[in-house]
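J.: Pasting input19.cif below, which is mmCIF, C-alpha atoms.
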data_input
loop_
_atom_site.label_atom_id
_atom_site.label_comp_id
_atom_site.auth_asym_id
_atom_site.auth_seq_id
_atom_site.Cartn_x
_atom_site.Cartn_y
_atom_site.Cartn_z
CA MET U 1 0.00 0.00 0.00
CA GLY U 2 2.88 2.35 0.76
CA ALA U 3 4.28 1.92 -2.76
CA ILE U 4 0.88 2.68 -4.29
CA ALA U 5 0.56 5.80 -2.14
CA ALA U 6 4.04 6.93 -3.16
CA ILE U 7 3.13 6.56 -6.85
CA PHE U 8 -0.06 8.58 -6.38
CA ARG U 9 1.79 11.28 -4.46
CA SER U 10 4.60 11.61 -7.02
CA GLY U 11 2.07 11.67 -9.86
CA MET U 12 0.06 14.40 -8.19
CA GLU U 13 3.18 16.49 -7.59
CA ALA U 14 4.11 16.18 -11.27
CA LEU U 15 0.60 17.31 -12.18
CA MET U 16 0.97 20.41 -10.00
CA VAL U 17 4.13 21.71 -11.69
CA PRO U 18 2.45 23.69 -14.54
CA PHE U 19 0.00 25.31 -12.11
CA ASP U 20 2.81 26.34 -9.75
CA LEU U 21 4.32 28.33 -12.63
CA LEU U 22 1.17 30.49 -12.83
CA GLY U 23 1.44 31.77 -9.27
CA PRO U 24 -0.82 31.05 -6.26
CA PHE U 25 -4.06 32.74 -7.37
CA TRP U 26 -4.16 31.86 -11.05
CA GLY U 27 -2.68 28.42 -10.50
CA LEU U 28 -5.35 27.48 -7.97
CA THR U 29 -8.11 29.10 -10.03
CA LEU U 30 -7.24 27.25 -13.25
CA LEU U 31 -6.73 23.98 -11.40
CA SER U 32 -10.12 24.36 -9.69
CA LEU U 33 -11.95 24.95 -12.98
CA LEU U 34 -10.22 22.01 -14.66
CA SER U 35 -11.00 19.85 -11.62
CA GLY U 36 -14.69 20.68 -12.10
CA VAL U 37 -14.50 19.63 -15.76
CA GLY U 38 -12.72 16.40 -14.82
CA MET U 39 -15.24 15.66 -12.09
CA LEU U 40 -18.10 16.21 -14.53
CA TRP U 41 -16.50 13.88 -17.08
CA VAL U 42 -16.08 11.12 -14.47
CA VAL U 43 -19.71 11.49 -13.37
CA GLY U 44 -20.88 11.22 -16.97
CA LYS U 45 -18.83 8.08 -17.63
CA THR U 46 -19.46 6.19 -14.39
CA THR U 47 -23.11 6.83 -13.52
CA PRO U 48 -26.31 5.51 -15.17
CA GLN U 49 -27.40 8.87 -16.52
CA LYS U 50 -30.99 7.83 -17.32
CA LEU U 51 -31.53 6.66 -13.74
CA VAL U 52 -29.94 9.83 -12.40
CA GLU U 53 -32.24 11.98 -14.53
CA ARG U 54 -35.31 9.93 -13.55
CA ALA U 55 -34.47 10.22 -9.85
CA ARG U 56 -33.91 13.98 -10.16
CA ASN U 57 -37.20 14.51 -12.00
CA ARG U 58 -39.16 12.47 -9.45
CA MET U 59 -37.52 14.34 -6.58
CA ASP U 60 -38.55 17.65 -8.17
CA SER U 61 -42.12 16.46 -8.73
CA ALA U 62 -42.37 15.27 -5.11
CA VAL U 63 -41.30 18.71 -3.87
CA TYR U 64 -43.92 20.40 -6.05
CA GLU U 65 -46.59 17.98 -4.78
CA ILE U 66 -45.74 18.79 -1.17
CA ARG U 67 -46.16 22.51 -1.89
CA LEU U 68 -49.34 21.93 -3.90
CA PHE U 69 -51.09 19.62 -1.41
CA ILE U 70 -49.77 21.19 1.78
CA ASP U 71 -53.32 21.09 3.29
CA SER U 72 -53.60 17.32 2.78
CA PRO U 73 -51.50 15.43 5.34
CA LYS U 74 -52.03 12.13 3.51
CA ARG U 75 -50.82 13.47 0.16
CA VAL U 76 -47.91 15.23 1.85
CA GLY U 77 -46.90 11.96 3.54
CA ILE U 78 -47.01 10.09 0.24
CA SER U 79 -44.96 12.80 -1.47
CA LEU U 80 -42.38 12.77 1.33
CA GLY U 81 -42.04 9.02 0.90
CA ARG U 82 -41.46 9.45 -2.83
CA LEU U 83 -38.96 12.22 -2.13
CA MET U 84 -36.98 10.05 0.29
CA SER U 85 -36.99 6.93 -1.92
CA ASN U 86 -35.86 8.84 -4.99
CA SER U 87 -33.24 10.69 -2.96
CA LEU U 88 -31.78 7.32 -1.94
CA LEU U 89 -31.90 6.20 -5.57
CA TYR U 90 -30.08 9.36 -6.62
CA ILE U 91 -27.35 8.80 -4.03
CA ALA U 92 -26.97 5.16 -5.10
CA THR U 93 -26.60 6.08 -8.76
CA MET U 94 -24.00 8.76 -7.97
CA LEU U 95 -22.04 6.54 -5.59
CA PRO U 96 -19.68 5.01 -8.23
CA ALA U 97 -18.51 8.47 -9.26
CA PHE U 98 -18.00 9.52 -5.63
CA LEU U 99 -15.87 6.44 -4.94
CA ILE U 100 -13.74 6.92 -8.04
CA LEU U 101 -13.21 10.63 -7.38
CA ALA U 102 -12.43 10.22 -3.68
CA VAL U 103 -8.82 9.09 -4.11
CA PRO U 104 -7.55 11.72 -6.61
CA LEU U 105 -9.40 14.52 -4.82
CA ALA U 106 -7.92 13.44 -1.48
CA PHE U 107 -4.38 13.43 -2.87
CA MET U 108 -5.05 16.75 -4.58
CA TYR U 109 -6.16 18.21 -1.25
CA LEU U 110 -2.93 17.04 0.42
CA SER U 111 -0.84 18.63 -2.33
CA LEU U 112 -2.77 21.89 -2.32
CA GLU U 113 -2.80 22.28 1.47
CA VAL U 114 1.00 22.59 1.62
CA ARG U 115 0.87 25.23 -1.12
CA TYR U 116 -2.03 27.40 0.00
CA GLY U 117 -3.14 26.41 3.51
CA LEU U 118 -0.10 26.61 5.78
CA GLU U 119 2.07 29.35 7.22
CA ALA U 120 5.85 29.17 7.27
CA ILE U 121 7.65 28.42 10.53
CA PRO U 122 7.82 31.77 12.39
CA LEU U 123 11.26 33.27 12.96
CA ASN U 124 12.86 33.18 16.40
CA LYS U 125 9.98 31.16 17.84
CA PRO U 126 10.85 27.65 19.08
CA PHE U 127 9.08 24.71 17.47
CA VAL U 128 9.20 20.97 18.09
CA VAL U 129 10.30 18.37 15.56
CA SER U 130 8.90 14.91 16.27
CA VAL U 131 10.60 11.80 14.90
CA GLU U 132 8.91 8.38 15.00
CA LEU U 133 11.10 5.27 15.03
CA ALA U 134 10.57 1.65 14.08
CA ASP U 135 10.09 -0.87 16.90
CA GLY U 136 13.30 -1.87 18.63
CA VAL U 137 15.30 1.17 17.48
CA ASP U 138 17.22 3.02 20.19
CA GLY U 139 16.33 6.69 19.83
CA ARG U 140 19.24 7.75 22.04
CA LYS U 141 21.54 7.12 19.07
CA LEU U 142 19.73 9.63 16.87
CA ALA U 143 21.84 12.72 16.11
CA PHE U 144 20.65 16.02 14.61
CA THR U 145 22.62 18.51 12.51
CA PRO U 146 20.88 21.72 11.37
CA GLU U 147 21.84 23.69 8.27
CA ALA U 148 22.27 27.45 8.13
CA GLY U 149 19.36 29.42 9.56
CA LEU U 150 18.35 26.69 12.03
CA GLU U 151 19.48 26.15 15.61
CA LEU U 152 18.70 23.47 18.19
CA THR U 153 17.58 24.92 21.51
CA SER U 154 17.61 21.73 23.59
CA PRO U 155 19.04 18.20 23.52
CA PRO U 156 16.91 15.46 21.91
CA LEU U 157 14.28 13.87 24.16
CA TYR U 158 13.74 10.14 23.57
CA VAL U 159 10.40 8.77 24.79
CA LYS U 160 10.76 5.00 24.67
CA SER U 161 7.07 4.28 25.33
CA GLU U 162 6.18 6.21 22.17
CA GLN U 163 9.23 5.17 20.13
CA ALA U 164 9.69 8.84 19.33
CA VAL U 165 12.33 11.54 19.66
CA TYR U 166 11.50 15.21 20.15
CA ILE U 167 13.75 18.24 19.70
CA ARG U 168 13.20 21.96 20.06
CA ALA U 169 14.61 24.15 17.33
CA VAL U 170 14.35 27.73 16.13
CA ALA U 171 14.60 29.35 12.71
CA THR U 172 16.81 32.45 12.83
CA LYS U 173 16.52 33.38 9.13
CA PRO U 174 13.74 33.24 6.53
CA VAL U 175 15.15 30.21 4.75
CA SER U 176 14.19 26.71 3.67
CA SER U 177 16.90 24.52 5.18
CA ASP U 178 17.39 20.83 5.88
CA LEU U 179 17.67 19.24 9.28
CA HIS U 180 19.94 16.18 9.03
CA LEU U 181 19.12 13.12 11.15
CA ASP U 182 21.79 10.46 11.53
CA LEU U 183 20.93 7.03 12.91
CA GLY U 184 23.30 4.09 12.70
CA GLY U 185 25.34 5.63 9.91
CA ARG U 186 22.33 6.40 7.73
CA THR U 187 21.31 10.02 7.27
CA GLU U 188 17.82 11.33 6.50
CA THR U 189 16.82 14.95 6.04
CA LYS U 190 13.73 16.98 6.88
CA ARG U 191 12.99 20.25 5.14
CA ILE U 192 12.27 23.12 7.53
CA VAL U 193 10.46 25.98 5.77
CA ALA U 194 10.75 29.35 7.49
CA ASP U 195 10.50 31.38 4.30
CA PRO U 196 7.00 32.92 3.94
CA ASN U 197 7.57 33.23 0.17
CA ALA U 198 8.28 29.54 -0.31
CA GLU U 199 6.06 27.74 -2.84
CA GLN U 200 5.44 24.82 -0.48
CA MET U 201 5.54 24.10 3.23
CA ALA U 202 6.88 20.79 4.52
CA PRO U 203 4.95 19.55 7.58
CA ASP U 204 5.51 15.79 7.22
CA ARG U 205 7.81 13.19 5.84
CA ALA U 206 6.27 9.75 6.13
CA SER U 207 6.54 6.12 5.09
CA GLY U 208 4.26 3.22 4.24
CA ILE U 209 0.52 3.62 4.49
CA ASP U 210 0.92 6.98 6.26
CA LEU U 211 1.69 8.46 2.84
CA PHE U 212 -2.07 8.37 2.21
CA THR U 213 -2.65 11.03 4.89
CA SER U 214 0.63 12.95 5.30
CA TYR U 215 1.30 16.46 4.07
CA GLY U 216 4.39 17.33 2.07
CA SER U 217 6.16 16.32 -1.13
CA GLU U 218 9.45 15.05 0.28
CA ARG U 219 10.42 11.54 -0.77
CA PRO U 220 9.12 8.69 1.42
CA LEU U 221 11.15 7.40 4.34
CA ASP U 222 12.43 3.86 4.17
CA GLY U 223 14.32 2.71 7.22
CA ASP U 224 14.43 2.95 11.01
CA ILE U 225 12.94 6.45 10.92
CA THR U 226 9.28 6.04 9.99
CA ALA U 227 7.93 9.60 10.24
CA ILE U 228 9.11 13.17 10.83
CA SER U 229 6.71 16.01 11.60
CA VAL U 230 7.08 19.77 11.92
CA PRO U 231 4.15 21.97 13.08
CA HIS U 232 2.78 24.61 10.69
CA GLU U 233 -0.09 26.94 11.48
CA THR U 234 -2.99 27.25 9.05
CA LYS U 235 -3.68 30.45 7.15
CA ASP U 236 -6.56 32.05 5.27
CA GLY U 237 -6.20 33.10 1.68
CA ARG U 238 -7.73 36.11 -0.01
CA TYR U 239 -9.72 35.57 -3.18
CA LEU U 240 -11.51 38.39 -5.02
CA GLY U 241 -11.04 40.55 -1.94
CA ILE U 242 -12.66 38.04 0.43
CA ASN U 243 -10.81 36.20 3.18
CA MET U 244 -11.52 32.47 2.94
CA PRO U 245 -9.66 29.17 3.20
CA TRP U 246 -8.21 28.05 -0.12
CA TRP U 247 -10.35 24.90 -0.18
CA ILE U 248 -13.58 26.93 -0.23
CA TRP U 249 -12.35 28.72 -3.37
CA TRP U 250 -11.34 25.32 -4.81
CA LEU U 251 -14.72 23.72 -4.18
CA LEU U 252 -16.66 26.82 -5.27
CA LEU U 253 -14.95 27.00 -8.65
CA MET U 254 -15.25 23.26 -9.14
CA MET U 255 -19.01 23.45 -8.60
CA ILE U 256 -19.34 26.48 -10.87
CA ALA U 257 -17.45 24.71 -13.66
CA ALA U 258 -19.39 21.47 -13.23
CA PHE U 259 -22.85 23.05 -13.15
CA GLY U 260 -21.98 25.56 -15.86
CA LEU U 261 -20.84 22.91 -18.33
CA ARG U 262 -23.17 20.03 -17.46
CA LYS U 263 -25.60 20.68 -20.34
CA ARG U 264 -22.82 21.26 -22.88
CA MET U 265 -21.19 17.96 -21.85
CA GLY U 266 -24.55 16.17 -21.64
CA VAL U 267 -24.19 15.17 -17.99
CA THR U 268 -26.99 15.11 -15.41
CA LEU U 269 -26.01 15.98 -11.84
#
Rewrite the coordinates I just gave you, this time as structure tokens.
T.:
Amino acid sequence: MGAIAAIFRSGMEALMVPFDLLGPFWGLTLLSLLSGVGMLWVVGKTTPQKLVERARNRMDSAVYEIRLFIDSPKRVGISLGRLMSNSLLYIATMLPAFLILAVPLAFMYLSLEVRYGLEAIPLNKPFVVSVELADGVDGRKLAFTPEAGLELTSPPLYVKSEQAVYIRAVATKPVSSDLHLDLGGRTETKRIVADPNAEQMAPDRASGIDLFTSYGSERPLDGDITAISVPHETKDGRYLGINMPWWIWWLLLMMIAAFGLRKRMGVTL
């Protein structure tokens, strides 16, 4: 599963490269609109469109009946039953598309969050790096070496019950530097992003199945160190003069594109 996740993550990062070249606003805007078109195409190819249309029409007629016969409890009850049954039919017919879209949209969210949803590590404010180790590994042997712009503010703390090592560090310059971790002669690195103008933040470096839920585009870990995490605060973006999280803008444009093009593409939603 870890290998599959790594393939998906690397593929998604390759997909993001052209949009990164456009800058944050236009890159996210174009990607959102194209995501809506792609979502609409998948829905059209994976759902029984005649059943979807029939369910939608019957749901609409049930709503009109409820409004028309509001003074007749019996007719309202019958119409509510039809509304519920056809709503369930609609969900069932759309389910294949939802399942197919879930994986790419989830990986897209992970890739976009590190670009648009996180703040850089603040300068001169201590933060904690957590390192998870494989079972049986002695964390006392783990050594840390920071690059320029990073300083360690305390010795490593090994918590055997958690198989984890924690260190406090501070960024003294607005840079993106590597923290080197040496264990048993093998060195791994973790990117520390303290530059607010950086294209991506780097909260996690993971391995195995955790690649399905981790944030960051660094290559997967493969050894005694199984995960490395650095805290990043979330931030709000500004789109068309309105403060909102990036994912609201993403979903809004996807829906606009999908509903705006559904008739042209012959797809019923």
J.: Please evaluate the PyMOL selection byres ((chain U and resi 216) around 9) against the displayed coordinates and give the resulting residues as a list in words.
T.: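 Answer for the PyMOL selection byres ((chain U and resi 216) around 9): Leu110, Ser111, Glu113, Val114, Gln200, Met201, Ala202, Pro203, Asp204, Arg205, Ala206, Ser214, Tyr215, Ser217, Glu218 and Arg219 of chain U.
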J.: Report the distance between atom CA of Ser87 of chain U and atom CA of Lys263 of chain U in Å, rounded to one decimal place.
T.: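 Taking atom CA of Ser87 of chain U and atom CA of Lys263 of chain U, their separation equals 21.5 Å.
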J.: For Glu188 of chain U, which residue out of U:Pro156, U:Gly223, U:Gly208, U:Gly27 is the nearest one, using only C-alpha atoms?
T.: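 Going through U:Pro156, U:Gly223, U:Gly208, U:Gly27 one by one, the smallest distance to Glu188 of chain U is for U:Gly223.
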J.: Around the point (-6.6, 33.8, -5.7), in the coordinates given by the file, pick out the residues reaching within 7 Å, counting all atoms listed in the file, and return them as a list in words.
T.: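 Selection result: Pro24, Phe25, Trp26, Leu28, Thr29, Arg238, Tyr239 and Leu240 of chain U.
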J.: Figure out the distance between atom CA of Phe259 of chain U and atom CA of Leu112 of chain U, please, to one decimal in Å.
T.: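 Those two atoms sit 22.8 Å apart.
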J.: Find the nearest atom pair between each residue of segment 87-182 of chain U and segment 56-65 of chain U for residues within 12 Å, count only C-alpha atoms, give distances in Å to one decimal, sort rows by chain and ascending number, and present the table as CSV.
T.:
residue,atom,partner,partner_atom,distance
U:Ser87,CA,U:Met59,CA,6.7
U:Leu88,CA,U:Met59,CA,10.2
U:Leu89,CA,U:Arg56,CA,9.3
U:Tyr90,CA,U:Arg56,CA,7.0
U:Ile91,CA,U:Arg56,CA,10.4
U:Thr93,CA,U:Arg56,CA,10.9
U:Met94,CA,U:Arg56,CA,11.4
J.: Running the PyMOL selection byres ((chain U and resi 179) around 8) on this model by hand, what would come out? Give it as a list in words.
T.: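 Against this file, the PyMOL selection byres ((chain U and resi 179) around 8) returns the residues Phe144, Thr145, Pro146, Glu147, Leu150, Ser177, Asp178, His180, Leu181, Thr189, Lys190, Arg191 and Ile192 of chain U.
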